[in-house]
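One structure below.
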Amino acid sequence: MENPIVEVNNVSMMFRLYRENVDSLKEFLIKKVKRQITYEEFWALSDISFQVNKGESVALIGRNGCGKSTLLKTIAGVLKPTKGSVHINGTVAPMIELGAGFDMDLTARENVFLNGAILGYPKEMLEENMPAIEEFSELHQFMDVPIKNFSSGMLARLGFAVATIYTPDILIVDEILSVGDYRFQEKCHARIHEMLEQGTTLLFVSHSIDQVKKVCNRAILLNQGHMLFDGGVKEAWNRYDSL
Ligand SMILES: Nc1ncnc2c1ncn2[C@@H]1O[C@H](COP(=O)(O)OP(=O)(O)OP(=O)(O)O)[C@@H](O)[C@H]1O
């Protein structure tokens with residue numbers, strides 16, 4: 001039997017919620033040293049465990065703030081869980097906060113190199129793929145324009161084009177398909193399907209049942225940081241509806 005491609009073992013995530021109202025880092029540090037800073041512990045994820053096998057497409061569903069993005073970030077390695085562990089058996093392309101590493105003062109082309117480097121792609125690979133990125137993002141005449149002049153849809157197109165230049169073992173998609181116009185969303189879906197056909201495993205967050213039904217064969221329902229259900233998409237959505 002093959003090893004699972006993603007293993008999430010008893011993952012819990014705690015954030016400190018600071019209640020103090022401080023105006024500067026200096027004031028914060030002084031208060032911290034004097035132990036005048038108080039915080040509340042907030043558990044965004046509590047004891048989550050599941051495994052994903054190669055080729056599965058799994059949706060994470062649940063209400064706003066239930067912990068979906070936090071869970072994806074621990075799987076992508078962006079956040080280290082407070083307790084538990086995550087094991088990944090392959091390459092990961094995280095599409096979380098697309099273009100989070102963009103610099104607004106740089107041009108689209110310069111940002112391809114910047115964002116590509118953050119994603120760990122070699123410079124030569126980015127140079128080689130520049131025509132494909134221009135083509136997919138449909139930003140031809142805008143490639144040498146500073147991106148501060150771009151619309152949110154244009155930024156999403158650029159971010160998606162950079163993130164998908166190679167076919168990863170695991171693709172992590174967080175809500176990004178809600179950005180961009182309908183035609184571009186369809187293009188993103190087509191690209192994701194192409195990857196799935198090549199054996200990519202998908203972890204997907206979306207608030208749209210139609211999108212989840214289109215791409216996923218399994219869904220995990222979260223509620224206030226707890227895992228309530230793991231199984232078929234239809235049943236997961238029925239349970240979500242009755243929360
Ligand atoms: N860095 C942080 N510091 C403090 N609290 C955080 C931090 N990141 C997330 N949270 C809190 O953790 C909880 C889960 O957030 P998360 O973004 O994972 O939810 P979500 O299910 O993805 O929500 P949405 O559907 O609105 O995107 C929320 O209550 C959020 O406020």
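So you can find residues: chains in the structure tokens are A, B, ... in the order shown, residues in each start at 1, and ligands are numbered from 1 in order.
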
If you take only C-alpha atoms and all ligand atoms and a cut-off of 12 Å, which residues of chain A touch ligand 1, and what are their nearest atom pairs and distances in Å to one decimal, in chain and number order, as JSON lines?
{"residue": "A:Ser12", "atom": "CA", "partner": "ligand 1", "partner_atom_place_in_ligand_line": "12 (O)", "distance": 11.4}
{"residue": "A:Met13", "atom": "CA", "partner": "ligand 1", "partner_atom_place_in_ligand_line": "12 (O)", "distance": 8.6}
{"residue": "A:Met14", "atom": "CA", "partner": "ligand 1", "partner_atom_place_in_ligand_line": "5 (N)", "distance": 8.1}
{"residue": "A:Phe15", "atom": "CA", "partner": "ligand 1", "partner_atom_place_in_ligand_line": "4 (C)", "distance": 4.8}
{"residue": "A:Arg16", "atom": "CA", "partner": "ligand 1", "partner_atom_place_in_ligand_line": "4 (C)", "distance": 6.1}
{"residue": "A:Leu17", "atom": "CA", "partner": "ligand 1", "partner_atom_place_in_ligand_line": "4 (C)", "distance": 5.8}
{"residue": "A:Tyr18", "atom": "CA", "partner": "ligand 1", "partner_atom_place_in_ligand_line": "4 (C)", "distance": 8.7}
{"residue": "A:Arg19", "atom": "CA", "partner": "ligand 1", "partner_atom_place_in_ligand_line": "4 (C)", "distance": 11.3}
{"residue": "A:Tyr39", "atom": "CA", "partner": "ligand 1", "partner_atom_place_in_ligand_line": "4 (C)", "distance": 10.8}
{"residue": "A:Glu40", "atom": "CA", "partner": "ligand 1", "partner_atom_place_in_ligand_line": "4 (C)", "distance": 10.1}
{"residue": "A:Glu41", "atom": "CA", "partner": "ligand 1", "partner_atom_place_in_ligand_line": "4 (C)", "distance": 9.2}
{"residue": "A:Phe42", "atom": "CA", "partner": "ligand 1", "partner_atom_place_in_ligand_line": "5 (N)", "distance": 7.1}
{"residue": "A:Trp43", "atom": "CA", "partner": "ligand 1", "partner_atom_place_in_ligand_line": "12 (O)", "distance": 7.4}
{"residue": "A:Ala44", "atom": "CA", "partner": "ligand 1", "partner_atom_place_in_ligand_line": "12 (O)", "distance": 4.5}
{"residue": "A:Leu45", "atom": "CA", "partner": "ligand 1", "partner_atom_place_in_ligand_line": "14 (C)", "distance": 7.6}
{"residue": "A:Ser46", "atom": "CA", "partner": "ligand 1", "partner_atom_place_in_ligand_line": "14 (C)", "distance": 11.1}
{"residue": "A:Leu60", "atom": "CA", "partner": "ligand 1", "partner_atom_place_in_ligand_line": "21 (O)", "distance": 8.6}
{"residue": "A:Ile61", "atom": "CA", "partner": "ligand 1", "partner_atom_place_in_ligand_line": "21 (O)", "distance": 7.7}
{"residue": "A:Gly62", "atom": "CA", "partner": "ligand 1", "partner_atom_place_in_ligand_line": "21 (O)", "distance": 6.3}
{"residue": "A:Arg63", "atom": "CA", "partner": "ligand 1", "partner_atom_place_in_ligand_line": "25 (O)", "distance": 5.7}
{"residue": "A:Asn64", "atom": "CA", "partner": "ligand 1", "partner_atom_place_in_ligand_line": "25 (O)", "distance": 3.5}
{"residue": "A:Gly65", "atom": "CA", "partner": "ligand 1", "partner_atom_place_in_ligand_line": "19 (O)", "distance": 3.4}
{"residue": "A:Cys66", "atom": "CA", "partner": "ligand 1", "partner_atom_place_in_ligand_line": "21 (O)", "distance": 3.9}
{"residue": "A:Gly67", "atom": "CA", "partner": "ligand 1", "partner_atom_place_in_ligand_line": "18 (O)", "distance": 3.2}
{"residue": "A:Lys68", "atom": "CA", "partner": "ligand 1", "partner_atom_place_in_ligand_line": "21 (O)", "distance": 3.8}
{"residue": "A:Ser69", "atom": "CA", "partner": "ligand 1", "partner_atom_place_in_ligand_line": "22 (O)", "distance": 3.7}
{"residue": "A:Thr70", "atom": "CA", "partner": "ligand 1", "partner_atom_place_in_ligand_line": "18 (O)", "distance": 3.7}
{"residue": "A:Leu71", "atom": "CA", "partner": "ligand 1", "partner_atom_place_in_ligand_line": "18 (O)", "distance": 6.4}
{"residue": "A:Leu72", "atom": "CA", "partner": "ligand 1", "partner_atom_place_in_ligand_line": "18 (O)", "distance": 8.0}
{"residue": "A:Lys73", "atom": "CA", "partner": "ligand 1", "partner_atom_place_in_ligand_line": "18 (O)", "distance": 8.3}
{"residue": "A:Thr74", "atom": "CA", "partner": "ligand 1", "partner_atom_place_in_ligand_line": "18 (O)", "distance": 10.0}
{"residue": "A:Val78", "atom": "CA", "partner": "ligand 1", "partner_atom_place_in_ligand_line": "1 (N)", "distance": 11.2}
{"residue": "A:Leu79", "atom": "CA", "partner": "ligand 1", "partner_atom_place_in_ligand_line": "1 (N)", "distance": 9.2}
{"residue": "A:Lys80", "atom": "CA", "partner": "ligand 1", "partner_atom_place_in_ligand_line": "1 (N)", "distance": 11.6}
{"residue": "A:Pro81", "atom": "CA", "partner": "ligand 1", "partner_atom_place_in_ligand_line": "8 (N)", "distance": 11.9}
{"residue": "A:Ile96", "atom": "CA", "partner": "ligand 1", "partner_atom_place_in_ligand_line": "22 (O)", "distance": 10.4}
{"residue": "A:Glu97", "atom": "CA", "partner": "ligand 1", "partner_atom_place_in_ligand_line": "27 (O)", "distance": 10.6}
{"residue": "A:Val173", "atom": "CA", "partner": "ligand 1", "partner_atom_place_in_ligand_line": "22 (O)", "distance": 11.6}
{"residue": "A:Asp174", "atom": "CA", "partner": "ligand 1", "partner_atom_place_in_ligand_line": "22 (O)", "distance": 8.2}
{"residue": "A:Glu175", "atom": "CA", "partner": "ligand 1", "partner_atom_place_in_ligand_line": "27 (O)", "distance": 7.7}
{"residue": "A:Ile176", "atom": "CA", "partner": "ligand 1", "partner_atom_place_in_ligand_line": "27 (O)", "distance": 10.7}
{"residue": "A:Ser178", "atom": "CA", "partner": "ligand 1", "partner_atom_place_in_ligand_line": "27 (O)", "distance": 11.7}
{"residue": "A:Phe204", "atom": "CA", "partner": "ligand 1", "partner_atom_place_in_ligand_line": "22 (O)", "distance": 11.2}
{"residue": "A:Val205", "atom": "CA", "partner": "ligand 1", "partner_atom_place_in_ligand_line": "22 (O)", "distance": 8.0}
{"residue": "A:Ser206", "atom": "CA", "partner": "ligand 1", "partner_atom_place_in_ligand_line": "25 (O)", "distance": 8.1}
{"residue": "A:His207", "atom": "CA", "partner": "ligand 1", "partner_atom_place_in_ligand_line": "25 (O)", "distance": 7.4}
{"residue": "A:Ser208", "atom": "CA", "partner": "ligand 1", "partner_atom_place_in_ligand_line": "25 (O)", "distance": 11.1}
{"residue": "A:Ile220", "atom": "CA", "partner": "ligand 1", "partner_atom_place_in_ligand_line": "21 (O)", "distance": 11.9}
{"residue": "A:Leu221", "atom": "CA", "partner": "ligand 1", "partner_atom_place_in_ligand_line": "21 (O)", "distance": 10.2}
{"residue": "A:Leu222", "atom": "CA", "partner": "ligand 1", "partner_atom_place_in_ligand_line": "21 (O)", "distance": 7.8}
{"residue": "A:Asn223", "atom": "CA", "partner": "ligand 1", "partner_atom_place_in_ligand_line": "21 (O)", "distance": 8.4}
{"residue": "A:Gln224", "atom": "CA", "partner": "ligand 1", "partner_atom_place_in_ligand_line": "14 (C)", "distance": 7.7}
{"residue": "A:Gly225", "atom": "CA", "partner": "ligand 1", "partner_atom_place_in_ligand_line": "14 (C)", "distance": 7.2}
{"residue": "A:His226", "atom": "CA", "partner": "ligand 1", "partner_atom_place_in_ligand_line": "14 (C)", "distance": 10.9}
{"residue": "A:Met227", "atom": "CA", "partner": "ligand 1", "partner_atom_place_in_ligand_line": "21 (O)", "distance": 11.8}

Tell me, as a JSON list (two decimals) with C-alpha atoms, in the first residue's frame, which residues lie within 9 Å of Lys187 of chain A, counting only C-alpha atoms; anything in the same chain fewer than 5 positions away does not count.
[["chain", "number", "residue", "atom", "x", "y", "z"],
["A", 136, "PHE", "CA", -1.96, 32.62, -19.48],
["A", 182, "TYR", "CA", -15.94, 34.45, -14.96],
["A", 192, "ILE", "CA", -6.52, 22.70, -12.29]]

Please provide as a VMD selection string all residues within 9 Å of Asp181 of chain A, with the sequence filter that same-chain residues fewer than 4 positions apart are discarded (counting only C-alpha atoms). chain A and resid 153 185 to 186

Filtering to N, CA and C atoms, could you give me those residues as a CSV table (one decimal), in the first residue's frame?
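Saved as result_9.csv:
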chain,number,residue,atom,x,y,z
A,153,GLY,N,-8.1,41.8,-10.2
A,153,GLY,CA,-8.2,40.6,-11.2
A,153,GLY,C,-6.9,40.4,-11.9
A,185,GLN,N,-11.9,32.6,-14.3
A,185,GLN,CA,-12.1,31.5,-13.4
A,185,GLN,C,-12.2,30.2,-14.1
A,186,GLU,N,-12.9,30.2,-15.3
A,186,GLU,CA,-13.0,29.0,-16.1
A,186,GLU,C,-11.7,28.5,-16.5

Hey, which of A:Leu228, A:Ala93, A:Ala161, A:Cys216 ends up closest to Phe50 of chain A? Count only C-alpha atoms. A:Leu228

Show me, as a PDB file with C-alpha atoms, in the first residue's frame, the residues that have an atom within 9 Å of segment 102-106 of chain A when counting only C-alpha atoms, minus same-chain residues fewer than 3 positions from it.
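The resulting file, part18.pdb, is shown below:
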ATOM      1  CA  LEU A  98      -1.933  34.850  -4.477  1.00  0.00           C
ATOM      2  CA  GLY A  99       0.811  37.338  -5.074  1.00  0.00           C
ATOM      3  CA  ARG A 109       7.909  41.010 -15.215  1.00  0.00           C
ATOM      4  CA  GLU A 110      10.074  41.902 -12.201  1.00  0.00           C
ATOM      5  CA  ASN A 111       7.421  40.491  -9.899  1.00  0.00           C
ATOM      6  CA  VAL A 112       7.429  37.197 -11.795  1.00  0.00           C
ATOM      7  CA  LEU A 114      10.421  37.983  -7.217  1.00  0.00           C
ATOM      8  CA  ASN A 115       7.332  35.797  -6.690  1.00  0.00           C
ATOM      9  CA  ASP A 144       6.553  46.174 -18.034  1.00  0.00           C
ATOM     10  CA  VAL A 145       4.075  48.319 -16.109  1.00  0.00           C
ATOM     11  CA  PRO A 146       4.381  48.720 -12.280  1.00  0.00           C
ATOM     12  CA  ILE A 147       1.695  46.546 -10.779  1.00  0.00           C
ATOM     13  CA  LYS A 148       0.375  49.309  -8.512  1.00  0.00           C
ATOM     14  CA  ASN A 149      -1.651  50.229 -11.594  1.00  0.00           C
ATOM     15  CA  LEU A 155      -2.951  40.693  -9.931  1.00  0.00           C
ATOM     16  CA  GLY A 159      -0.211  35.271  -9.341  1.00  0.00           C
TER      17      GLY A 159
END

Run DSSP on the backbone and tell me which residues of segment 3-234 of chain A come out as strand (DSSP E or B); list them as a count of residues only. 66

Using only C-alpha atoms, find the one residue out of A:Arg191, A:Asn9, A:Met130, A:Lys32 that sits nearest to Thr82 of chain A.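 Using only C-alpha atoms, Thr82 of chain A sits closest to A:Asn9.
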
Residue list (alpha helix (DSSP H), DSSP) for segment 104-155 of chain A, as a PyMOL selection string: chain A and resi 108-118+123-137+152-155

Among the residues A:Phe160, A:Phe28, A:Tyr166, A:Phe150, the one that comes closest to Glu128 of chain A [using only C-alpha atoms]: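 Using only C-alpha atoms, the shortest distance to Glu128 of chain A belongs to A:Tyr166.
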
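Nearest to Asn21 of chain A of all the residues A:Ile75, A:Leu202, A:Ile37, A:Val8 is A:Ile37, counting only C-alpha atoms.
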
Could you pull the residues within 8 Å of Ile133 of chain A, counting only C-alpha atoms, minus those fewer than 5 positions along the same chain, as a list in words?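 Contacts, with the query itself left out: Leu158, Ala161, Val162 and Ile165 of chain A.
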
With N, CA and C atoms retained, write the just-selected residues as a PDB file, in the first residue's frame.
ATOM      1  N   LEU A 158      -1.862  37.260 -12.691  1.00  0.00           N
ATOM      2  CA  LEU A 158      -0.406  37.151 -12.683  1.00  0.00           C
ATOM      3  C   LEU A 158       0.026  36.113 -11.630  1.00  0.00           C
ATOM      4  N   ALA A 161      -0.780  32.579 -12.768  1.00  0.00           N
ATOM      5  CA  ALA A 161       0.096  32.165 -13.878  1.00  0.00           C
ATOM      6  C   ALA A 161       1.477  31.769 -13.364  1.00  0.00           C
ATOM      7  N   VAL A 162       2.006  32.527 -12.396  1.00  0.00           N
ATOM      8  CA  VAL A 162       3.339  32.196 -11.862  1.00  0.00           C
ATOM      9  C   VAL A 162       3.266  30.893 -11.061  1.00  0.00           C
ATOM     10  N   ILE A 165       3.174  27.337 -13.199  1.00  0.00           N
ATOM     11  CA  ILE A 165       4.026  27.025 -14.361  1.00  0.00           C
ATOM     12  C   ILE A 165       4.540  25.592 -14.347  1.00  0.00           C
TER      13      ILE A 165
END

How far is it from atom CA of Asn53 of chain A to atom CA of Pro4 of chain A, in Å with one decimal?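 Computing it gives 4.5 Å between the two atoms.
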
How many Å lie between atom CA of Lys54 of chain A and atom CA of Arg218 of chain A, rounded to one decimal?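 Atom CA of Arg218 of chain A lies at a distance of 12.9 Å from atom CA of Lys54 of chain A.
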
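If only C-alpha atoms are the atoms counted, then among A:Ile5, A:Met125, A:Leu25, A:Ile209 the closest residue to Tyr240 of chain A is A:Ile209.
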